[in-house]
$ cat protein_16.cif   # mmCIF, C-alpha atoms and all ligand atoms
data_work
loop_
_atom_site.group_PDB
_atom_site.id
_atom_site.type_symbol
_atom_site.label_atom_id
_atom_site.label_comp_id
_atom_site.auth_asym_id
_atom_site.auth_seq_id
_atom_site.Cartn_x
_atom_site.Cartn_y
_atom_site.Cartn_z
ATOM 1 C CA GLU A 1 -9.040 75.607 -75.102
ATOM 2 C CA ASN A 2 -10.835 72.356 -74.381
ATOM 3 C CA ASN A 3 -13.250 71.046 -76.959
ATOM 4 C CA GLY A 4 -13.315 67.569 -75.543
ATOM 5 C CA ILE A 5 -11.447 64.364 -75.994
ATOM 6 C CA ARG A 6 -10.413 64.036 -79.599
ATOM 7 C CA VAL A 7 -11.704 61.040 -81.491
ATOM 8 C CA LYS A 8 -10.855 60.240 -85.085
ATOM 9 C CA ILE A 9 -13.534 58.240 -86.851
ATOM 10 C CA LEU A 10 -13.487 57.009 -90.431
ATOM 11 C CA THR A 11 -16.255 55.795 -92.666
ATOM 12 C CA ILE A 12 -15.089 53.190 -95.164
ATOM 13 C CA GLY A 13 -16.803 50.909 -97.656
ATOM 14 C CA ASP A 14 -17.601 50.668 -101.366
ATOM 15 C CA SER A 15 -18.711 53.599 -103.473
ATOM 16 C CA GLY A 16 -22.426 54.373 -103.245
ATOM 17 C CA VAL A 17 -23.167 52.640 -99.930
ATOM 18 C CA GLY A 18 -24.063 55.957 -98.284
ATOM 19 C CA LYS A 19 -20.992 56.997 -96.267
ATOM 20 C CA THR A 20 -21.321 60.676 -97.128
ATOM 21 C CA CYS A 21 -25.083 60.649 -96.471
ATOM 22 C CA LEU A 22 -24.564 59.071 -93.033
ATOM 23 C CA ILE A 23 -22.050 61.749 -92.052
ATOM 24 C CA MET A 24 -24.303 64.497 -93.396
ATOM 25 C CA ARG A 25 -27.215 63.122 -91.379
ATOM 26 C CA PHE A 26 -25.104 62.911 -88.279
ATOM 27 C CA SER A 27 -24.077 66.549 -88.673
ATOM 28 C CA GLY A 28 -27.695 67.621 -89.057
ATOM 29 C CA GLU A 29 -27.819 68.134 -92.781
ATOM 30 C CA GLU A 30 -30.614 66.988 -95.051
ATOM 31 C CA PHE A 31 -30.568 63.764 -97.026
ATOM 32 C CA VAL A 32 -29.923 64.171 -100.735
ATOM 33 C CA GLN A 33 -31.190 61.714 -103.296
ATOM 34 C CA SER A 34 -28.647 62.562 -105.980
ATOM 35 C CA PHE A 35 -25.348 60.737 -105.853
ATOM 36 C CA ILE A 36 -22.224 62.876 -105.758
ATOM 37 C CA THR A 37 -19.307 60.516 -105.336
ATOM 38 C CA THR A 38 -16.609 61.595 -102.897
ATOM 39 C CA VAL A 39 -13.361 62.539 -104.568
ATOM 40 C CA GLY A 40 -10.394 62.516 -102.256
ATOM 41 C CA ILE A 41 -11.265 63.138 -98.660
ATOM 42 C CA ASP A 42 -13.315 65.429 -96.438
ATOM 43 C CA TYR A 43 -14.135 65.676 -92.752
ATOM 44 C CA LYS A 44 -16.773 66.977 -90.347
ATOM 45 C CA ARG A 45 -16.471 67.873 -86.680
ATOM 46 C CA LYS A 46 -19.035 67.276 -83.982
ATOM 47 C CA ILE A 47 -18.846 67.478 -80.209
ATOM 48 C CA ILE A 48 -20.933 64.930 -78.325
ATOM 49 C CA GLN A 49 -21.570 63.545 -74.852
ATOM 50 C CA LEU A 50 -22.148 59.829 -74.473
ATOM 51 C CA ASP A 51 -24.828 60.209 -71.817
ATOM 52 C CA ASP A 52 -26.320 62.960 -69.687
ATOM 53 C CA SER A 53 -24.548 61.911 -66.508
ATOM 54 C CA ASP A 54 -21.169 61.929 -68.219
ATOM 55 C CA THR A 55 -19.245 65.156 -67.839
ATOM 56 C CA LYS A 56 -16.855 64.276 -70.636
ATOM 57 C CA TYR A 57 -17.115 65.723 -74.101
ATOM 58 C CA TYR A 58 -15.865 64.003 -77.205
ATOM 59 C CA GLN A 59 -14.758 65.986 -80.189
ATOM 60 C CA LEU A 60 -15.342 63.710 -83.131
ATOM 61 C CA THR A 61 -13.543 64.287 -86.373
ATOM 62 C CA ILE A 62 -15.256 62.131 -88.935
ATOM 63 C CA TRP A 63 -13.330 61.495 -92.104
ATOM 64 C CA ASP A 64 -15.365 60.728 -95.175
ATOM 65 C CA THR A 65 -13.304 58.527 -97.451
ATOM 66 C CA ALA A 66 -13.824 57.825 -101.146
ATOM 67 C CA GLY A 67 -15.116 54.338 -101.863
ATOM 68 C CA GLN A 68 -14.079 54.203 -105.494
ATOM 69 C CA GLU A 69 -11.392 51.688 -106.367
ATOM 70 C CA ARG A 70 -9.112 54.318 -107.905
ATOM 71 C CA PHE A 71 -8.834 56.128 -104.559
ATOM 72 C CA ARG A 72 -7.899 53.038 -102.514
ATOM 73 C CA THR A 73 -4.309 54.108 -101.838
ATOM 74 C CA ILE A 74 -5.345 57.575 -100.681
ATOM 75 C CA THR A 75 -8.133 56.136 -98.536
ATOM 76 C CA GLN A 76 -5.788 53.737 -96.792
ATOM 77 C CA ALA A 77 -3.413 56.550 -95.941
ATOM 78 C CA TYR A 78 -6.192 58.053 -93.805
ATOM 79 C CA PHE A 79 -6.445 54.936 -91.634
ATOM 80 C CA ARG A 80 -3.479 56.308 -89.737
ATOM 81 C CA GLY A 81 -4.426 57.485 -86.256
ATOM 82 C CA ALA A 82 -8.066 56.412 -86.580
ATOM 83 C CA HIS A 83 -9.642 55.320 -83.293
ATOM 84 C CA GLY A 84 -12.794 53.944 -84.858
ATOM 85 C CA MET A 85 -14.164 52.911 -88.225
ATOM 86 C CA LEU A 86 -17.668 52.467 -89.538
ATOM 87 C CA LEU A 87 -17.411 49.818 -92.257
ATOM 88 C CA VAL A 88 -20.472 50.496 -94.378
ATOM 89 C CA PHE A 89 -22.207 48.321 -96.975
ATOM 90 C CA ASP A 90 -25.579 48.651 -98.709
ATOM 91 C CA VAL A 91 -28.163 46.023 -97.647
ATOM 92 C CA GLY A 92 -29.556 46.244 -101.190
ATOM 93 C CA SER A 93 -26.252 45.269 -102.772
ATOM 94 C CA GLU A 94 -24.617 41.871 -102.478
ATOM 95 C CA LYS A 95 -21.509 43.262 -104.145
ATOM 96 C CA THR A 96 -20.897 45.843 -101.417
ATOM 97 C CA PHE A 97 -21.446 43.152 -98.766
ATOM 98 C CA LYS A 98 -18.863 40.874 -100.410
ATOM 99 C CA SER A 99 -16.419 43.775 -100.244
ATOM 100 C CA VAL A 100 -16.602 43.758 -96.449
ATOM 101 C CA GLU A 101 -13.961 40.996 -96.498
ATOM 102 C CA HIS A 102 -11.734 43.185 -98.627
ATOM 103 C CA TRP A 103 -12.144 46.159 -96.278
ATOM 104 C CA MET A 104 -11.417 43.993 -93.240
ATOM 105 C CA ASP A 105 -8.238 42.817 -94.974
ATOM 106 C CA GLN A 106 -7.238 46.443 -95.543
ATOM 107 C CA ILE A 107 -7.781 47.140 -91.853
ATOM 108 C CA GLY A 108 -5.765 44.025 -91.018
ATOM 109 C CA ASP A 109 -2.849 45.257 -93.157
ATOM 110 C CA HIS A 110 -3.029 48.608 -91.418
ATOM 111 C CA VAL A 111 -3.009 47.025 -87.964
ATOM 112 C CA LYS A 112 -0.005 44.899 -88.912
ATOM 113 C CA LYS A 113 1.833 48.020 -90.037
ATOM 114 C CA ILE A 114 1.128 50.105 -86.926
ATOM 115 C CA THR A 115 1.875 47.340 -84.454
ATOM 116 C CA LYS A 116 5.175 46.615 -86.190
ATOM 117 C CA ASP A 117 6.240 50.243 -85.664
ATOM 118 C CA ASN A 118 4.952 50.440 -82.094
ATOM 119 C CA GLU A 119 4.074 47.578 -79.800
ATOM 120 C CA TYR A 120 1.713 49.860 -77.848
ATOM 121 C CA ALA A 121 -0.222 50.953 -80.919
ATOM 122 C CA VAL A 122 -3.969 50.590 -80.402
ATOM 123 C CA PRO A 123 -5.790 48.982 -83.350
ATOM 124 C CA PRO A 124 -8.928 50.858 -84.414
ATOM 125 C CA LYS A 125 -12.323 49.608 -83.267
ATOM 126 C CA VAL A 126 -14.651 48.653 -86.107
ATOM 127 C CA ILE A 127 -18.386 48.209 -86.482
ATOM 128 C CA LEU A 128 -20.222 46.880 -89.501
ATOM 129 C CA VAL A 129 -22.989 49.153 -90.757
ATOM 130 C CA GLY A 130 -25.725 47.903 -93.093
ATOM 131 C CA ASN A 131 -27.078 51.115 -94.599
ATOM 132 C CA LYS A 132 -30.225 51.746 -96.706
ATOM 133 C CA ALA A 133 -32.351 49.649 -94.327
ATOM 134 C CA ASP A 134 -35.339 51.675 -95.579
ATOM 135 C CA ILE A 135 -35.477 49.921 -98.958
ATOM 136 C CA PRO A 136 -38.431 47.602 -99.614
ATOM 137 C CA ASP A 137 -37.985 43.932 -98.674
ATOM 138 C CA ASN A 138 -37.991 42.780 -102.289
ATOM 139 C CA GLN A 139 -34.951 44.965 -102.995
ATOM 140 C CA ARG A 140 -32.953 43.657 -100.079
ATOM 141 C CA GLN A 141 -30.044 41.413 -101.029
ATOM 142 C CA VAL A 142 -28.472 40.952 -97.605
ATOM 143 C CA THR A 143 -30.517 39.769 -94.643
ATOM 144 C CA LYS A 144 -29.905 40.998 -91.144
ATOM 145 C CA GLU A 145 -28.959 37.441 -90.135
ATOM 146 C CA ARG A 146 -26.234 37.087 -92.762
ATOM 147 C CA ALA A 147 -24.780 40.465 -91.898
ATOM 148 C CA GLN A 148 -24.810 39.603 -88.200
ATOM 149 C CA GLU A 149 -23.028 36.321 -88.994
ATOM 150 C CA MET A 150 -20.354 38.194 -90.919
ATOM 151 C CA ALA A 151 -19.900 40.631 -88.033
ATOM 152 C CA ASP A 152 -19.697 37.746 -85.530
ATOM 153 C CA LYS A 153 -17.064 36.083 -87.682
ATOM 154 C CA TRP A 154 -14.901 39.191 -87.415
ATOM 155 C CA GLY A 155 -15.787 39.761 -83.791
ATOM 156 C CA ILE A 156 -17.321 43.172 -84.434
ATOM 157 C CA GLY A 157 -20.746 44.722 -83.847
ATOM 158 C CA TYR A 158 -23.486 45.131 -86.457
ATOM 159 C CA ILE A 159 -26.009 47.927 -86.833
ATOM 160 C CA GLU A 160 -28.554 48.686 -89.576
ATOM 161 C CA THR A 161 -29.065 52.296 -90.541
ATOM 162 C CA SER A 162 -30.935 54.494 -92.940
ATOM 163 C CA ALA A 163 -29.430 57.849 -93.784
ATOM 164 C CA LYS A 164 -32.596 58.491 -95.770
ATOM 165 C CA ASP A 165 -35.045 57.955 -92.894
ATOM 166 C CA ASN A 166 -32.555 59.006 -90.236
ATOM 167 C CA THR A 167 -32.777 55.634 -88.502
ATOM 168 C CA ASN A 168 -29.958 54.562 -86.158
ATOM 169 C CA VAL A 169 -27.555 57.141 -87.551
ATOM 170 C CA GLN A 170 -26.844 58.857 -84.219
ATOM 171 C CA GLU A 171 -26.673 55.394 -82.611
ATOM 172 C CA ALA A 172 -24.016 54.192 -85.056
ATOM 173 C CA PHE A 173 -21.704 57.099 -84.260
ATOM 174 C CA MET A 174 -22.448 56.878 -80.523
ATOM 175 C CA THR A 175 -21.732 53.134 -80.520
ATOM 176 C CA ILE A 176 -18.337 53.531 -82.147
ATOM 177 C CA THR A 177 -17.462 56.403 -79.780
ATOM 178 C CA LYS A 178 -18.442 54.283 -76.771
ATOM 179 C CA LEU A 179 -16.228 51.489 -78.063
ATOM 180 C CA VAL A 180 -13.192 53.687 -78.505
ATOM 181 C CA ALA A 181 -13.692 55.801 -75.361
ATOM 182 C CA PRO A 182 -11.857 53.395 -73.022
ATOM 183 C CA THR A 183 -8.834 53.337 -75.350
ATOM 184 C CA LEU A 184 -8.426 57.110 -75.328
ATOM 185 C CA SER A 185 -5.769 58.371 -72.964
ATOM 186 C CA LEU A 186 -5.332 61.718 -71.298
ATOM 187 C CA GLY A 187 -2.475 62.177 -73.730
ATOM 188 C CA ASP A 188 -4.845 61.991 -76.685
ATOM 189 C CA SER A 189 -7.112 64.698 -75.362
ATOM 190 C CA GLU A 190 -4.633 67.077 -73.796
ATOM 191 C CA LEU A 191 -1.659 66.811 -76.067
ATOM 192 C CA GLY A 192 -2.882 65.128 -79.204
ATOM 193 C CA GLY A 193 -0.254 62.472 -78.651
ATOM 194 C CA GLY A 194 -0.348 58.769 -78.027
ATOM 195 C CA ARG A 195 0.221 57.039 -74.719
ATOM 196 C CA THR A 196 1.640 59.994 -72.858
ATOM 197 C CA ASN A 197 2.216 59.476 -69.172
ATOM 198 C CA LEU A 198 2.369 62.304 -66.662
ATOM 199 C CA ALA A 199 6.149 62.250 -66.399
ATOM 200 C CA GLU A 200 6.384 62.868 -70.123
ATOM 201 C CA VAL A 201 3.829 65.661 -69.940
ATOM 202 C CA GLY A 202 6.032 67.467 -67.418
ATOM 203 C CA SER A 203 9.197 67.105 -69.421
ATOM 204 C CA SER A 204 7.691 68.123 -72.743
ATOM 205 C CA GLU A 205 6.269 71.255 -71.112
ATOM 206 C CA LYS A 206 9.718 72.190 -69.873
ATOM 207 C CA LYS A 207 11.051 71.803 -73.376
ATOM 208 C CA GLY A 208 8.340 74.168 -74.542
ATOM 209 C CA CYS A 209 6.669 71.562 -76.688
ATOM 210 C CA ALA A 210 3.925 73.222 -78.707
ATOM 211 C CA CYS A 211 2.114 69.996 -79.480
HETATM 212 P P1 LIG A 301 -18.574 57.330 -102.421
HETATM 213 O O1 LIG A 301 -18.369 58.740 -101.989
HETATM 214 O O2 LIG A 301 -18.485 57.166 -103.904
HETATM 215 O O3 LIG A 301 -17.643 56.378 -101.729
HETATM 216 O O4 LIG A 301 -20.093 56.896 -102.012
HETATM 217 P P2 LIG A 301 -20.821 57.086 -100.598
HETATM 218 O O5 LIG A 301 -20.669 55.831 -99.829
HETATM 219 O O6 LIG A 301 -20.359 58.328 -99.936
HETATM 220 O O7 LIG A 301 -22.360 57.222 -100.999
HETATM 221 P P3 LIG A 301 -23.323 58.492 -100.810
HETATM 222 O O8 LIG A 301 -23.465 58.824 -99.385
HETATM 223 O O9 LIG A 301 -22.889 59.549 -101.714
HETATM 224 O O10 LIG A 301 -24.726 57.855 -101.291
HETATM 225 C C1 LIG A 301 -24.860 57.191 -102.534
HETATM 226 C C2 LIG A 301 -26.297 57.145 -102.982
HETATM 227 O O11 LIG A 301 -27.055 56.353 -102.081
HETATM 228 C C3 LIG A 301 -26.993 58.518 -103.048
HETATM 229 O O12 LIG A 301 -27.787 58.555 -104.195
HETATM 230 C C4 LIG A 301 -27.855 58.531 -101.808
HETATM 231 O O13 LIG A 301 -29.005 59.297 -102.001
HETATM 232 C C5 LIG A 301 -28.179 57.064 -101.607
HETATM 233 N N1 LIG A 301 -28.358 56.723 -100.179
HETATM 234 C C6 LIG A 301 -27.498 56.977 -99.161
HETATM 235 N N2 LIG A 301 -27.969 56.540 -97.996
HETATM 236 C C7 LIG A 301 -29.182 55.977 -98.255
HETATM 237 C C8 LIG A 301 -30.170 55.347 -97.447
HETATM 238 O O14 LIG A 301 -30.074 55.203 -96.218
HETATM 239 N N3 LIG A 301 -31.288 54.868 -98.102
HETATM 240 C C9 LIG A 301 -31.443 55.000 -99.441
HETATM 241 N N4 LIG A 301 -32.561 54.500 -99.966
HETATM 242 N N5 LIG A 301 -30.546 55.596 -100.229
HETATM 243 C C10 LIG A 301 -29.425 56.086 -99.660
HETATM 244 MG MG MG A 302 -19.041 59.754 -100.382
#

$ encode --input "protein_16.cif" --output "structure tokens"
Amino acid sequence: ENNGIRVKILTIGDSGVGKTCLIMRFSGEEFVQSFITTVGIDYKRKIIQLDDSDTKYYQLTIWDTAGQERFRTITQAYFRGAHGMLLVFDVGSEKTFKSVEHWMDQIGDHVKKITKDNEYAVPPKVILVGNKADIPDNQRQVTKERAQEMADKWGIGYIETSAKDNTNVQEAFMTITKLVAPTLSLGDSELGGGRTNLAEVGSSEKKGCAC
């Protein structure tokens, strides 16, 4: 069974920034106005192609984390194995923008941990997402320029989205997939493992590895 190259994507960011709505939009569901905060963790699957000429398929598993402070420890546990992260804030909320530093620190801690265990560990790719770009100008608290500056400071990309209007939502997920694509090995897709080389594939087959 081949459903494409497996990619694990995470949405992170403060509560209420629109992580769940972005994932729902991406999976073709309608936007909902009412706010139902995510408790614990959930995921959605979607198979995509990056462009028409590409014969490769990517099976995205998108994990929707809980932004609330009380779930921080659980959320961080899901960083494990993530290839890409969409770090989301709300362009109408200074507070959620300030938290970007905090989230980047959390990612930094995670990277330190995984590279200590394994020198070949690949740190996740990250892009900054300014959601709710549909709000009127007078409600905006974070300009595009400031957000871009923040992203530049961290050396990551910036994209503005609206889950409400369905603006740039597909693009955000495509962009992160394009970023992680070169870091995905044959081992990831065929065996669900890390940096598997062909010699190892042969030997694990002989051992009857069911991974
Ligand atoms: P937690 O699960 O608590 O971490 O929050 P979340 O980031 O998943 O937020 P969620 O997607 O549940 O959205 C929170 C609120 O923002 C809801 O009331 C949504 O309707 C609203 N919302 C989400 N995206 C947009 C958007 O693009 N524009 C506008 N105007 N509102 C949005
Ligand atoms: Mg949510």

$ closest_atom_pairs --input "protein_16.cif" --of "chain A" --to "ligand LIG 301 (chain A)" --cutoff "8 Å" --atoms "only C-alpha atoms and all ligand atoms" --output "CSV"
residue,atom,partner,partner_atom,distance
A:Ile12,CA,A:LIG301,O3,7.7
A:Gly13,CA,A:LIG301,O5,6.6
A:Asp14,CA,A:LIG301,O3,5.7
A:Ser15,CA,A:LIG301,O3,3.5
A:Gly16,CA,A:LIG301,O7,3.6
A:Val17,CA,A:LIG301,O5,4.1
A:Gly18,CA,A:LIG301,O8,3.1
A:Lys19,CA,A:LIG301,O5,3.8
A:Thr20,CA,A:LIG301,O8,3.6
A:Cys21,CA,A:LIG301,O8,3.8
A:Leu22,CA,A:LIG301,O8,6.5
A:Phe31,CA,A:LIG301,O13,6.9
A:Val32,CA,A:LIG301,O13,5.1
A:Gln33,CA,A:LIG301,O13,3.5
A:Ser34,CA,A:LIG301,O12,4.5
A:Phe35,CA,A:LIG301,O12,3.7
A:Ile36,CA,A:LIG301,O9,5.3
A:Thr37,CA,A:LIG301,O2,3.7
A:Thr38,CA,A:LIG301,O1,3.5
A:Val39,CA,A:LIG301,O1,6.8
A:Asp64,CA,A:LIG301,O6,7.3
A:Thr65,CA,A:LIG301,O3,6.5
A:Ala66,CA,A:LIG301,O3,4.1
A:Gly67,CA,A:LIG301,O3,3.3
A:Gln68,CA,A:LIG301,O2,5.5
A:Val88,CA,A:LIG301,O5,7.6
A:Asn131,CA,A:LIG301,O14,5.3
A:Lys132,CA,A:LIG301,O14,3.5
A:Ala133,CA,A:LIG301,O14,6.3
A:Asp134,CA,A:LIG301,N3,5.7
A:Ile135,CA,A:LIG301,N4,5.5
A:Thr161,CA,A:LIG301,O14,6.5
A:Ser162,CA,A:LIG301,O14,3.5
A:Ala163,CA,A:LIG301,O14,3.7
A:Lys164,CA,A:LIG301,O14,4.2
A:Asp165,CA,A:LIG301,O14,6.6
A:Asn166,CA,A:LIG301,O14,7.5

$ atom_distance --input "protein_16.cif" --atom1 "CA of Ile23 (chain A)" --atom2 "CA of Arg6 (chain A)"
17.2 Å

$ axis_aligned_box --input "protein_16.cif" --around "region 19-29 of chain A" --padding-each-side "4 Å" --output "AutoDock Vina command-line options"
--center_x -24.4 --center_y 62.6 --center_z -92.7 --size_x 14.8 --size_y 19.1 --size_z 16.8

$ resolve_selection --input "protein_16.cif" --expression "the PyMOL selection byres (((chain A and resi 120-127) around 10) and not hetatm)" --output "mmCIF file with C-alpha atoms, in the frame of the given file"
data_model
loop_
_atom_site.group_PDB
_atom_site.id
_atom_site.type_symbol
_atom_site.label_atom_id
_atom_site.label_comp_id
_atom_site.auth_asym_id
_atom_site.auth_seq_id
_atom_site.Cartn_x
_atom_site.Cartn_y
_atom_site.Cartn_z
ATOM 1 C CA LYS A 8 -10.855 60.240 -85.085
ATOM 2 C CA ILE A 9 -13.534 58.240 -86.851
ATOM 3 C CA LEU A 10 -13.487 57.009 -90.431
ATOM 4 C CA THR A 11 -16.255 55.795 -92.666
ATOM 5 C CA PHE A 79 -6.445 54.936 -91.634
ATOM 6 C CA ARG A 80 -3.479 56.308 -89.737
ATOM 7 C CA GLY A 81 -4.426 57.485 -86.256
ATOM 8 C CA ALA A 82 -8.066 56.412 -86.580
ATOM 9 C CA HIS A 83 -9.642 55.320 -83.293
ATOM 10 C CA GLY A 84 -12.794 53.944 -84.858
ATOM 11 C CA MET A 85 -14.164 52.911 -88.225
ATOM 12 C CA LEU A 86 -17.668 52.467 -89.538
ATOM 13 C CA LEU A 87 -17.411 49.818 -92.257
ATOM 14 C CA VAL A 88 -20.472 50.496 -94.378
ATOM 15 C CA MET A 104 -11.417 43.993 -93.240
ATOM 16 C CA ILE A 107 -7.781 47.140 -91.853
ATOM 17 C CA GLY A 108 -5.765 44.025 -91.018
ATOM 18 C CA HIS A 110 -3.029 48.608 -91.418
ATOM 19 C CA VAL A 111 -3.009 47.025 -87.964
ATOM 20 C CA LYS A 112 -0.005 44.899 -88.912
ATOM 21 C CA LYS A 113 1.833 48.020 -90.037
ATOM 22 C CA ILE A 114 1.128 50.105 -86.926
ATOM 23 C CA THR A 115 1.875 47.340 -84.454
ATOM 24 C CA LYS A 116 5.175 46.615 -86.190
ATOM 25 C CA ASP A 117 6.240 50.243 -85.664
ATOM 26 C CA ASN A 118 4.952 50.440 -82.094
ATOM 27 C CA GLU A 119 4.074 47.578 -79.800
ATOM 28 C CA LEU A 128 -20.222 46.880 -89.501
ATOM 29 C CA VAL A 129 -22.989 49.153 -90.757
ATOM 30 C CA GLY A 130 -25.725 47.903 -93.093
ATOM 31 C CA ALA A 151 -19.900 40.631 -88.033
ATOM 32 C CA TRP A 154 -14.901 39.191 -87.415
ATOM 33 C CA GLY A 155 -15.787 39.761 -83.791
ATOM 34 C CA ILE A 156 -17.321 43.172 -84.434
ATOM 35 C CA GLY A 157 -20.746 44.722 -83.847
ATOM 36 C CA TYR A 158 -23.486 45.131 -86.457
ATOM 37 C CA ILE A 159 -26.009 47.927 -86.833
ATOM 38 C CA ALA A 172 -24.016 54.192 -85.056
ATOM 39 C CA PHE A 173 -21.704 57.099 -84.260
ATOM 40 C CA THR A 175 -21.732 53.134 -80.520
ATOM 41 C CA ILE A 176 -18.337 53.531 -82.147
ATOM 42 C CA THR A 177 -17.462 56.403 -79.780
ATOM 43 C CA LEU A 179 -16.228 51.489 -78.063
ATOM 44 C CA VAL A 180 -13.192 53.687 -78.505
ATOM 45 C CA THR A 183 -8.834 53.337 -75.350
ATOM 46 C CA LEU A 184 -8.426 57.110 -75.328
ATOM 47 C CA GLY A 194 -0.348 58.769 -78.027
ATOM 48 C CA ARG A 195 0.221 57.039 -74.719
#

$ atom_distance --input "protein_16.cif" --atom1 "CA of Gln76 (chain A)" --atom2 "CA of Asp105 (chain A)"
11.3 Å

$ atom_distance --input "protein_16.cif" --atom1 "CA of His102 (chain A)" --atom2 "CA of Gln59 (chain A)"
29.5 Å

$ closest_residue --input "protein_16.cif" --among "A:Thr55, A:Trp103, A:Phe71, A:Asp152" --to "ligand MG 302 (chain A)" --atoms "all atoms listed in the file"
A:Phe71

$ resolve_selection --input "protein_16.cif" --expression "the PyMOL selection byres (((chain A and resi 91-98) around 6) and not hetatm)" --output "compact mmCIF listing (two decimals) with C-alpha atoms, in the coordinates of the input"
# COMPACT_ATOMS: atom_id res chain seq x y z
CA ASP A 14 -17.60 50.67 -101.37
CA PHE A 89 -22.21 48.32 -96.98
CA ASP A 90 -25.58 48.65 -98.71
CA SER A 99 -16.42 43.78 -100.24
CA VAL A 100 -16.60 43.76 -96.45
CA GLY A 130 -25.72 47.90 -93.09
CA GLN A 139 -34.95 44.96 -103.00
CA ARG A 140 -32.95 43.66 -100.08
CA GLN A 141 -30.04 41.41 -101.03
CA VAL A 142 -28.47 40.95 -97.60

$ closest_residue --input "protein_16.cif" --among "A:Met24, A:Glu101, A:Pro182, A:Met174" --to "Lys153 (chain A)" --atoms "all atoms listed in the file"
A:Glu101

$ closest_residue --input "protein_16.cif" --among "A:Trp63, A:Glu145, A:Leu50, A:Gly4" --to "ligand MG 302 (chain A)" --atoms "all atoms listed in the file"
A:Trp63

$ closest_residue --input "protein_16.cif" --among "A:Lys178, A:Gly40, A:Gln170, A:Tyr58" --to "ligand MG 302 (chain A)" --atoms "all atoms listed in the file"
A:Gly40

$ closest_residue --input "protein_16.cif" --among "A:Lys56, A:Arg25, A:Glu30, A:Asp42" --to "ligand MG 302 (chain A)" --atoms "all atoms listed in the file"
A:Asp42

$ decode --input "protein_16.cif" --residues "region 50-54 of chain A" --atoms "all heavy atoms" --output "short mmCIF file (atom, residue, chain, number, x, y, z; two decimals), in the first residue's frame"
data_model
loop_
_atom_site.label_atom_id
_atom_site.label_comp_id
_atom_site.auth_asym_id
_atom_site.auth_seq_id
_atom_site.Cartn_x
_atom_site.Cartn_y
_atom_site.Cartn_z
N LEU A 50 2.62 18.30 -5.05
CA LEU A 50 3.13 19.66 -4.97
C LEU A 50 2.92 20.43 -6.27
O LEU A 50 2.66 21.62 -6.26
CB LEU A 50 4.59 19.67 -4.55
CG LEU A 50 4.82 19.29 -3.09
CD1 LEU A 50 6.29 19.30 -2.74
CD2 LEU A 50 4.07 20.24 -2.15
N ASP A 51 3.06 19.74 -7.40
CA ASP A 51 2.69 20.36 -8.67
C ASP A 51 2.32 19.28 -9.67
O ASP A 51 2.62 18.11 -9.46
CB ASP A 51 3.80 21.28 -9.21
CG ASP A 51 5.11 20.56 -9.37
OD1 ASP A 51 5.24 19.79 -10.33
OD2 ASP A 51 5.99 20.76 -8.52
N ASP A 52 1.69 19.66 -10.74
CA ASP A 52 1.12 18.71 -11.69
C ASP A 52 2.16 17.80 -12.34
O ASP A 52 1.88 16.65 -12.65
CB ASP A 52 0.35 19.45 -12.80
CG ASP A 52 -0.84 20.19 -12.21
OD1 ASP A 52 -1.25 19.82 -11.10
OD2 ASP A 52 -1.33 21.14 -12.85
N SER A 53 3.38 18.34 -12.51
CA SER A 53 4.41 17.57 -13.19
C SER A 53 5.08 16.58 -12.24
O SER A 53 5.79 15.68 -12.65
CB SER A 53 5.46 18.50 -13.78
OG SER A 53 6.02 19.27 -12.74
N ASP A 54 4.84 16.75 -10.96
CA ASP A 54 5.46 15.90 -9.96
C ASP A 54 4.65 14.59 -9.83
O ASP A 54 3.44 14.63 -9.70
CB ASP A 54 5.48 16.63 -8.61
CG ASP A 54 6.40 15.97 -7.60
OD1 ASP A 54 6.91 14.87 -7.89
OD2 ASP A 54 6.62 16.57 -6.54
#
